[in-house]
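Quick notes on the structure that follows.
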Amino acid sequence: MELNHKSDFRKSCIKRLKFTSVTSKYYKDKIVIKKLENFINRSKAKNILLYIPLGIEVNVNPLINKLRKNKNVYVPYMEGDSFKIIKYRLPLQKKKFGIKEPNNSFLRAKKIDLAIVPVVGVDAIGKRIGFGKGMYDRFFDRLSYKPTLVFTQLVLCKSDKVLSESYDIQADYIITN
């Protein structure tokens, strides 16, 4: 596989996501959030990894706020070439790559049942195409267990080709609008 195919695909997906209008993004966010909420309720997951969204990602902030009432909600905290998971709490600080994070925590996170992961795109076999830093791939590779992985995206951007590497993470489910 030539690397430029993956990076060209990534660029075209990002371009597509950036051109989603504000109004349309608002409605698409609501649709995806409702589907995620239904999925979480059916799965009975208690310990959930979510993410603090960037502009082109599904805005899961309302879902985080709702789930915090009766679930353990964790988010990534960047560390080295990957991240650790910490409990979601305010205030959030803007960090590397413009990503917001809670302050560091030294409490051990519980074993996560479900991970909701944003994607830029997916390839033909459901493997994640992200922003190209490999942080999620390294994080899940280093876990000693495998939680259910749900990829989420405002507008499905799927390649008909296999663009992934062996280490790229693969979805159990993909939820989009």
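Lettering and numbering for the structure tokens are positional, with chains as A, B, ... in the shown order, residues counted from 1 in each chain, and ligands counted from 1 in the shown order.
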* For region 140-155 of chain A: contacts at 10 Å, only C-alpha atoms, fewer than 5 positions along chain excluded, given as a VMD selection string -> chain A and resid 13 16 to 17 20 24 to 33 36 39 43 45 47 to 50 56 to 60 82 to 83 111 to 122 126 to 128 135 167 to 177
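If you measure from each of A:Lys84, A:Lys11, A:Lys100, A:Lys95 to Ile52 (chain A) using only C-alpha atoms, the closest one turns out to be A:Lys100.
Taking only C-alpha atoms into account, Leu92 (chain A) lies nearest to A:Pro53 out of the set A:Arg108, A:Asp137, A:Ile129, A:Pro53.
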* Identify all residues of region 40-138 of chain A in alpha helix (DSSP H) (DSSP on the backbone) and supply them as number ranges by chain. => A: 40-43, 61-67, 135-138
With C-alpha atoms retained, write the just-selected residues as a compact mmCIF listing (two decimals), in the first residue's frame.
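Once written, out_5.txt looks like this:
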```txt
# COMPACT_ATOMS: atom_id res chain seq x y z
CA ILE A 40 -24.99 2.76 25.34
CA ASN A 41 -28.32 1.97 27.03
CA ARG A 42 -28.59 -1.36 25.20
CA SER A 43 -24.96 -2.26 25.93
CA ASN A 61 -20.34 17.14 25.01
CA PRO A 62 -24.13 16.91 25.70
CA LEU A 63 -23.77 13.11 25.89
CA ILE A 64 -20.83 13.38 28.30
CA ASN A 65 -22.85 15.67 30.58
CA LYS A 66 -25.85 13.32 30.52
CA LEU A 67 -23.82 10.13 31.10
CA MET A 135 -2.43 7.86 19.47
CA TYR A 136 -5.60 5.75 19.59
CA ASP A 137 -3.82 2.83 17.86
CA ARG A 138 -1.02 2.86 20.44
```
